[in-house]
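Asker: Sending over a structure as structure tokens; questions will come in a sec.
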Amino acid sequence: MRPRPTRGSPGEWGRPSPGKPLRPPEAGASLLRFMKLWSQFFVPTLKESPADAEIASHKLLVRAGLVRKLGGGLYTYMPLGLRALQKITQICREEMDSAGAIELWMPHLHPVELWEQGPRWAAAREIMFRADSAGDGKRTSKDPEFVLGPTHEEIITPLVKTEITSYRDLPKNFYQIATKFRNEIRPRYGLMRAREFIMMDAYSFDTTDEGAVRSYLAMKAAYEKFFRRVGTQAIAVEADTGVMGGSFSHEFMVPAEVGDDDVIYNEASGYAANREKATSALVPADLADSAPAGAVEEFATPGAVTIAALEAAPFNVPADRQFKTLVYVGDGKPFLVILRGCDELEEAKLGSLGFTLFRPATPEEIVPVLGAKPGSLGATRGSLKEPGALAGVFADHAIRLIGNGVTGANKDGFHLRNVNVSRDLAITRFGDFRRVRVGEPDPKSGQPLQVRRGIEVGHIFKLGTKYSEKFNAVYTDDQKQSHLMVMGCYGIGISRTMQAVIEQSHDADGIVWPWNCAPFQVLICVLDPQLPEAMELARRLGAAAESTGADVLIDDRAERPGVKFKDADLIGLPLRLTIGGKGLKEGVIELKWRAGKDVVKVPVAEAEARVAAEVREAAARAG
RNA sequence: CGGGGUGUAGCUUAGCCUGGUAGAGCGCCUGGUUUGGGACCAGGAGGUCGCAGGUUCGAAUCCUGUCGCCCCGACCA
């Protein structure tokens with residue numbers, strides 16, 4: 001009589017039930033030092049997707065038992081998910097170390113004073129969680145107020161300032177791999193945008209600007225190696241520096257339909273930039289003003305307060321001949337932005353104007369300054385009542401394409417015609433403020449720009465001296481002179497990368513893990529675990545795979561084969577070995593790659609050597 | 001924060017419009033039959049219908065408030 005198979009479940013060994021035979025203690029247990037038995041591990045897979053998951057990677061994270069949600073943007077990394085995360089973390093650590101960065105660990109509870117002293121408190125405070133030990137928001141010497149760290153510039157800079165004072169100790173690059181906290185306005189898509197997430201953050205300190213560029217390029221190269229080893233194709237694109245500030249920056253994007261960023265690029269020329277930063281060669285550098293057709297002239301436009309209304313009869317002014325005048329408030333003072341009527345403002349580009357905070361002005365703020373409501377605004381010298389009340393008039397380069405255009409008269413119901421840029425507009429300075437459009441000429445080659453969505457998984461910034469100034473991080477050079485350290489900062493979203501990998505590498509049945517970040521590389525599916533010879537063979541094959549560098553999970557559950565195969569596809573380990581009673585009678589096991597279709601039968605006698613060889617090859621391929 | 005949606009068993013959900021004993025599938029427990037792609041039979045446990053008020057003889061259902069979650073926008077690794 002064959003004993004009824006027991007259900008593999010955690011606690012089985014500690015909870016024998018009468019009439020249910022226990023498996024004998026593991027023979028050859030020494031071989032199982034690293035190998036995991038599924039029945040004694042914990043992989044809670046789900047047949048159905050949770051209702052709150054929208055995108056494939058989020059559904060798969062939950063279905064494959066990698067994560068569980070605690071609340072919005074808060075996730076527990078389950079044992080299998082944690083292993084994948086650890087793989088990614090380790091690769092990151094290796095690449096950072098080999099690029100010369102030094103690992104440390106900083107507190108995540110930050111005294112708020114440090115942030116108040118830093119350069120971005122006003123802009124960053126909204127996204128920061130506050131931890132107040134008294135609970136009443138009042139700060140006393142006994143009850144300091146803390147914030148939870150969203151990144152660590154404000155911590156590392158004072159540290160380096162006190163610890164490093166000589167050029168002899170520079171350059172240095174410190175990094176940590178740790179939890180970050182951001183009170184995201186809208187957490188989304190599982191780990192993609194979470195309130196608490198795992199990030200690698202690095203900070204470089206150099207004596208000179210050229211040194212800072214070298215550090216930056218070293219990080220860029222390290223990032224490229226990291227993403228290649230993880231098995232994801234992330235591309236470096238030019239990016240806006242945002243709230244971090246700094247002089248230039250690249251984002252690493254994983255192309256994916258569900259990403260929240262637009263990457264503007266041209267395949268052939270290699271140009272690639274985040275939409276916020278992207279520019280085009282629309283305006284020739286040597287463009288001359290067109291000849292004014294006559295004096296500026298006011299005309300009545302009752303009720304016409306939109307670009308479209310002026311395009312229509314009876315006015316018939318094409319949008320690309322209209323000046324669009326927008327009013328913003330920067331650090332408390334209004335300023336104007338002028339664009340072509342047919343163009344859209346790319347708000348992030350206003351960051352280059354140097355305001356700490358800016359926002360669109362309200363109609364109530366506009367009327368007293370300009371004398372008219374939105375829809376009739378303009379920036380001609382003649383119509384600006386109080387130029388001194390403005391922080392500036394900033395014009396997009398593209399308006400130089402307009403000759404004899406139309407703009408608001410700063411008088412409700414009236415516009416001006418025959419307006420010419422140099423002759424008539426009170427422009428403080430020109431800049432790139434417009435949002436590029438697909439098809440416009442790429443700034444590198446003039447070929448048409450394309451667009452695709454991407455997930456931002458890494459970001460590198462050359463910061464300059466923005467933080468070292470605030471914290472007075474200086475060093476002494478060999479001439480006994482003091483100088484500010486030149487900084488860079490670098491981040492990789494580790495937990496986000498894990499999800500990006502899944503988003504990029506899955507099929508209808510489940511995840512298809514790349515070799516290097518798979519939680520285990522090899523799954524040994526034992527269809528008849530009650531047969532001692534089957535388990536014995538599983539252990540031998542597992543040992544062969546481990547000895548050549550793979551991590552091994554043995555599915556020894558007393559489940560039906562269908563269940564095991566479905567779970568195997570779902571959790572997506574790269575190499576599956578199947579050991580079944582039928583195969584054993586024929587003297588074969590089966591070998592199948594998750595990414596492929598072929599099932600290869602391998603004679604038992606050759607199986608260990610074959611598995612070792614396959615593992616060796618796969619590891620070499622993955623780098 | 002603005003707009004839209006949603007909350008019923010561990011998971012996926014029906015019921016709500018038109019008020020009257022809270023239903024199913026998956027999962028779980030017991031017994032049996034099965035055993036190479038999410039088995040079958042029989043039996044069973046599990047829900048104060050997010051929370052608080054209100055209307056009503058009676059509320060999962062109608063009303064008010066509140067909280068959570070999801071989606072669209074601004075922010076970010």
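Identifiers for the structure tokens are assigned positionally: chains receive A, B, ... in sequence, residues are indexed from 1 per chain, and ligands are indexed from 1 in the order shown.
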With a distance threshold of 6 Å and counting only C-alpha atoms (C1' of nucleotides), extract the residues of chain B near chain A and express them as a list of chain:residue names.
Answerer: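 Selected residues: B:G36, B:G37, B:G38, B:C70, B:A77.
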Asker: Run DSSP on the backbone and give me the residues of range 127-298 of chain A it puts in alpha helix (DSSP H), as an mmCIF file with N, CA and C atoms, in the first residue's frame.
Answerer:
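What ended up in out_13.cif:
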```
data_model
loop_
_atom_site.group_PDB
_atom_site.id
_atom_site.type_symbol
_atom_site.label_atom_id
_atom_site.label_comp_id
_atom_site.auth_asym_id
_atom_site.auth_seq_id
_atom_site.Cartn_x
_atom_site.Cartn_y
_atom_site.Cartn_z
ATOM 1 N N GLU A 153 21.642 63.759 1.141
ATOM 2 C CA GLU A 153 22.612 64.846 0.936
ATOM 3 C C GLU A 153 22.819 65.641 2.215
ATOM 4 N N GLU A 154 21.740 65.907 2.934
ATOM 5 C CA GLU A 154 21.806 66.731 4.141
ATOM 6 C C GLU A 154 22.518 66.028 5.286
ATOM 7 N N ILE A 155 22.714 64.722 5.151
ATOM 8 C CA ILE A 155 23.382 63.956 6.201
ATOM 9 C C ILE A 155 24.840 63.729 5.824
ATOM 10 N N ILE A 156 25.060 63.343 4.579
ATOM 11 C CA ILE A 156 26.429 63.005 4.175
ATOM 12 C C ILE A 156 27.308 64.252 4.089
ATOM 13 N N THR A 157 26.739 65.371 3.664
ATOM 14 C CA THR A 157 27.582 66.559 3.469
ATOM 15 C C THR A 157 28.176 67.052 4.797
ATOM 16 N N PRO A 158 27.370 67.217 5.850
ATOM 17 C CA PRO A 158 27.969 67.598 7.140
ATOM 18 C C PRO A 158 28.951 66.553 7.657
ATOM 19 N N LEU A 159 28.662 65.285 7.389
ATOM 20 C CA LEU A 159 29.570 64.232 7.834
ATOM 21 C C LEU A 159 30.936 64.388 7.164
ATOM 22 N N VAL A 160 30.915 64.532 5.850
ATOM 23 C CA VAL A 160 32.162 64.656 5.105
ATOM 24 C C VAL A 160 32.865 65.953 5.475
ATOM 25 N N LYS A 161 32.085 66.995 5.719
ATOM 26 C CA LYS A 161 32.678 68.271 6.132
ATOM 27 C C LYS A 161 33.526 68.094 7.392
ATOM 28 N N THR A 162 33.021 67.333 8.370
ATOM 29 C CA THR A 162 33.788 67.179 9.609
ATOM 30 C C THR A 162 34.909 66.164 9.466
ATOM 31 N N GLU A 163 34.680 65.147 8.666
ATOM 32 C CA GLU A 163 35.667 64.062 8.622
ATOM 33 C C GLU A 163 36.778 64.300 7.614
ATOM 34 N N ASP A 209 35.994 70.616 -10.446
ATOM 35 C CA ASP A 209 34.890 70.334 -11.332
ATOM 36 C C ASP A 209 35.216 69.167 -12.271
ATOM 37 N N GLU A 210 36.462 69.161 -12.783
ATOM 38 C CA GLU A 210 36.847 68.067 -13.687
ATOM 39 C C GLU A 210 36.804 66.744 -12.936
ATOM 40 N N GLY A 211 37.238 66.783 -11.668
ATOM 41 C CA GLY A 211 37.188 65.586 -10.845
ATOM 42 C C GLY A 211 35.751 65.110 -10.674
ATOM 43 N N ALA A 212 34.850 66.055 -10.454
ATOM 44 C CA ALA A 212 33.437 65.705 -10.279
ATOM 45 C C ALA A 212 32.877 65.077 -11.550
ATOM 46 N N VAL A 213 33.329 65.576 -12.694
ATOM 47 C CA VAL A 213 32.881 64.983 -13.955
ATOM 48 C C VAL A 213 33.415 63.563 -14.077
ATOM 49 N N ARG A 214 34.672 63.358 -13.665
ATOM 50 C CA ARG A 214 35.227 61.993 -13.711
ATOM 51 C C ARG A 214 34.415 61.055 -12.808
ATOM 52 N N SER A 215 34.084 61.532 -11.602
ATOM 53 C CA SER A 215 33.286 60.699 -10.692
ATOM 54 C C SER A 215 31.926 60.382 -11.312
ATOM 55 N N TYR A 216 31.362 61.403 -11.921
ATOM 56 C CA TYR A 216 30.055 61.246 -12.563
ATOM 57 C C TYR A 216 30.125 60.185 -13.658
ATOM 58 N N LEU A 217 31.161 60.280 -14.490
ATOM 59 C CA LEU A 217 31.270 59.328 -15.598
ATOM 60 C C LEU A 217 31.560 57.917 -15.087
ATOM 61 N N ALA A 218 32.304 57.830 -13.973
ATOM 62 C CA ALA A 218 32.569 56.512 -13.392
ATOM 63 C C ALA A 218 31.262 55.871 -12.919
ATOM 64 N N MET A 219 30.396 56.710 -12.332
ATOM 65 C CA MET A 219 29.102 56.198 -11.877
ATOM 66 C C MET A 219 28.240 55.806 -13.067
ATOM 67 N N LYS A 220 28.282 56.619 -14.102
ATOM 68 C CA LYS A 220 27.489 56.304 -15.290
ATOM 69 C C LYS A 220 27.896 54.934 -15.833
ATOM 70 N N ALA A 221 29.200 54.686 -15.881
ATOM 71 C CA ALA A 221 29.686 53.403 -16.379
ATOM 72 C C ALA A 221 29.271 52.267 -15.439
ATOM 73 N N ALA A 222 29.350 52.526 -14.125
ATOM 74 C CA ALA A 222 28.967 51.497 -13.152
ATOM 75 C C ALA A 222 27.479 51.165 -13.288
ATOM 76 N N TYR A 223 26.678 52.194 -13.499
ATOM 77 C CA TYR A 223 25.239 51.981 -13.677
ATOM 78 C C TYR A 223 24.966 51.113 -14.893
ATOM 79 N N GLU A 224 25.687 51.423 -15.980
ATOM 80 C CA GLU A 224 25.459 50.655 -17.200
ATOM 81 C C GLU A 224 25.796 49.181 -16.971
ATOM 82 N N LYS A 225 26.889 48.921 -16.240
ATOM 83 C CA LYS A 225 27.245 47.531 -15.943
ATOM 84 C C LYS A 225 26.190 46.892 -15.037
ATOM 85 N N PHE A 226 25.767 47.647 -14.053
ATOM 86 C CA PHE A 226 24.761 47.115 -13.121
ATOM 87 C C PHE A 226 23.499 46.670 -13.874
ATOM 88 N N PHE A 227 22.967 47.571 -14.691
ATOM 89 C CA PHE A 227 21.700 47.230 -15.354
ATOM 90 C C PHE A 227 21.883 46.079 -16.334
ATOM 91 N N ARG A 228 23.061 46.013 -16.966
ATOM 92 C CA ARG A 228 23.286 44.901 -17.883
ATOM 93 C C ARG A 228 23.328 43.590 -17.102
ATOM 94 N N ARG A 229 24.017 43.580 -15.962
ATOM 95 C CA ARG A 229 24.120 42.337 -15.193
ATOM 96 C C ARG A 229 22.776 41.915 -14.607
ATOM 97 N N VAL A 230 21.985 42.876 -14.200
ATOM 98 C CA VAL A 230 20.676 42.543 -13.654
ATOM 99 C C VAL A 230 19.797 41.924 -14.750
#
```
Asker: Just the number, please: distance in Å from CA of Asn418 in chain A to CA of Val296 in chain A, one decimal.
Answerer: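 Atom-to-atom, CA of Asn418 in chain A and CA of Val296 in chain A are spaced 5.0 Å apart.
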Asker: Using only C-alpha atoms (C1' of nucleotides), which residues sit within 10 Å of U8 in chain B once same-chain residues fewer than 4 positions away are excluded, as an MDAnalysis selection string?
Answerer: chainID B and resid 13:15 22 47 49 60
Asker: Write to file, as a JSON list (two decimals), in the first residue's frame, the residues of the selection just made, with N, CA, C and O atoms (P, O5', C5', C4', C3', O3' and C1' of nucleotides).
Answerer:
```json
[["chain", "number", "residue", "atom", "x", "y", "z"],
["B", 13, "U", "P", -12.37, 41.54, -8.20],
["B", 13, "U", "O5'", -13.77, 40.83, -8.48],
["B", 13, "U", "C5'", -14.96, 41.27, -7.90],
["B", 13, "U", "C4'", -15.97, 40.16, -8.00],
["B", 13, "U", "C3'", -17.40, 40.53, -7.65],
["B", 13, "U", "O3'", -18.06, 41.09, -8.79],
["B", 13, "U", "C1'", -16.82, 38.53, -6.55],
["B", 14, "A", "P", -19.22, 42.13, -8.62],
["B", 14, "A", "O5'", -20.46, 41.16, -8.33],
["B", 14, "A", "C5'", -20.89, 40.27, -9.34],
["B", 14, "A", "C4'", -22.08, 39.47, -8.89],
["B", 14, "A", "C3'", -23.29, 40.25, -8.35],
["B", 14, "A", "O3'", -24.03, 40.87, -9.38],
["B", 14, "A", "C1'", -22.93, 38.29, -7.08],
["B", 15, "G", "P", -24.79, 42.22, -9.15],
["B", 15, "G", "O5'", -25.68, 41.88, -7.86],
["B", 15, "G", "C5'", -26.91, 41.18, -7.99],
["B", 15, "G", "C4'", -27.51, 40.94, -6.63],
["B", 15, "G", "C3'", -27.97, 42.21, -5.89],
["B", 15, "G", "O3'", -29.29, 42.54, -6.25],
["B", 15, "G", "C1'", -26.69, 40.80, -4.43],
["B", 22, "A", "P", -29.37, 36.78, 6.78],
["B", 22, "A", "O5'", -28.90, 36.20, 5.36],
["B", 22, "A", "C5'", -29.27, 36.81, 4.16],
["B", 22, "A", "C4'", -28.23, 36.58, 3.10],
["B", 22, "A", "C3'", -27.38, 35.32, 3.30],
["B", 22, "A", "O3'", -28.05, 34.21, 2.72],
["B", 22, "A", "C1'", -26.02, 37.19, 2.71],
["B", 47, "G", "P", -17.20, 34.23, 11.00],
["B", 47, "G", "O5'", -17.56, 35.22, 9.81],
["B", 47, "G", "C5'", -16.57, 36.10, 9.25],
["B", 47, "G", "C4'", -17.24, 37.12, 8.39],
["B", 47, "G", "C3'", -18.35, 37.94, 9.06],
["B", 47, "G", "O3'", -17.81, 39.06, 9.70],
["B", 47, "G", "C1'", -18.92, 37.29, 6.82],
["B", 49, "C", "P", -22.63, 43.99, 8.99],
["B", 49, "C", "O5'", -21.88, 43.91, 7.59],
["B", 49, "C", "C5'", -20.46, 44.01, 7.48],
["B", 49, "C", "C4'", -20.12, 44.03, 6.02],
["B", 49, "C", "C3'", -20.53, 45.31, 5.31],
["B", 49, "C", "O3'", -19.58, 45.59, 4.29],
["B", 49, "C", "C1'", -21.67, 43.50, 4.33],
["B", 60, "A", "P", -28.32, 45.12, 6.82],
["B", 60, "A", "O5'", -27.11, 45.04, 5.80],
["B", 60, "A", "C5'", -26.00, 45.91, 5.95],
["B", 60, "A", "C4'", -25.33, 46.15, 4.62],
["B", 60, "A", "C3'", -26.10, 47.06, 3.68],
["B", 60, "A", "O3'", -25.81, 48.41, 3.91],
["B", 60, "A", "C1'", -25.42, 45.09, 2.55]]
```
Asker: Quick one: pull the distance between CA of Gln322 in chain A and CA of Leu339 in chain A, Å, one decimal.
Answerer: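 Going from CA of Gln322 in chain A over to CA of Leu339 in chain A, I get 8.5 Å.
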Asker: My list of candidates is A:Ile338, A:Gly303, A:Gln479, A:Arg381. Which is closest to Phe323 in chain A when distances are computed with only C-alpha atoms?
Answerer: A:Ile338
Asker: Do you know which residues are at most 7 Å from Leu416 in chain A counting only C-alpha atoms (C1' of nucleotides), after dropping those on the same chain fewer than 4 positions away, and could you put them as a list in words?
Answerer: Val296, Glu297, Glu298, Phe299, Val406, Thr407, Gly408 and Ala409 of chain A
Asker: With N, CA, C and O atoms retained, export the selected residues as a short mmCIF file (atom, residue, chain, number, x, y, z; two decimals), in the first residue's frame.
Answerer:
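Writing the result to selection.cif gives the following:
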```
data_model
loop_
_atom_site.label_atom_id
_atom_site.label_comp_id
_atom_site.auth_asym_id
_atom_site.auth_seq_id
_atom_site.Cartn_x
_atom_site.Cartn_y
_atom_site.Cartn_z
N VAL A 296 2.86 98.81 -34.39
CA VAL A 296 1.96 98.01 -33.56
C VAL A 296 0.59 98.69 -33.55
O VAL A 296 0.50 99.92 -33.45
N GLU A 297 -0.43 97.87 -33.60
CA GLU A 297 -1.75 98.42 -33.81
C GLU A 297 -2.74 97.65 -32.92
O GLU A 297 -2.73 96.41 -32.92
N GLU A 298 -3.55 98.34 -32.17
CA GLU A 298 -4.52 97.69 -31.30
C GLU A 298 -5.78 97.38 -32.10
O GLU A 298 -6.16 98.15 -32.97
N PHE A 299 -6.39 96.22 -31.81
CA PHE A 299 -7.69 95.94 -32.42
C PHE A 299 -8.58 95.22 -31.41
O PHE A 299 -8.09 94.54 -30.52
N VAL A 406 0.64 88.46 -33.19
CA VAL A 406 -0.45 89.04 -32.42
C VAL A 406 -0.28 88.67 -30.95
O VAL A 406 0.09 87.53 -30.63
N THR A 407 -0.51 89.63 -30.08
CA THR A 407 -0.43 89.34 -28.65
C THR A 407 -1.49 90.16 -27.94
O THR A 407 -2.08 91.07 -28.52
N GLY A 408 -1.73 89.82 -26.68
CA GLY A 408 -2.72 90.55 -25.91
C GLY A 408 -2.27 91.98 -25.64
O GLY A 408 -1.06 92.25 -25.58
N ALA A 409 -3.24 92.86 -25.42
CA ALA A 409 -2.93 94.29 -25.25
C ALA A 409 -2.89 94.69 -23.78
O ALA A 409 -2.76 95.86 -23.46
#
```
Asker: Between B:A39, B:C17, B:C75, B:C67, which is the closest to A52 in chain B once you count only C-alpha atoms (C1' of nucleotides)?
Answerer: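 Ranked by minimum distance to A52 in chain B, first place goes to B:C67.
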Asker: For C1' of U30 in chain B and CA of Pro44 in chain A, quote the distance in Å rounded to one decimal.
Answerer: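 It comes out at 23.0 Å.
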Asker: Hey, what's within 12 Å of Pro441 in chain A if we count only C-alpha atoms (C1' of nucleotides) and toss same-chain stuff fewer than 6 positions away? As a list in words, please?
Answerer: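 Contacts, in chain order: Ile264, Tyr265, Asn266, Ser269, Tyr271, Ala278, Thr279, Ser280, Ala281, Leu282, Val283, Pro284, Gln447, Pro448, Leu449 and Gln450 of chain A.
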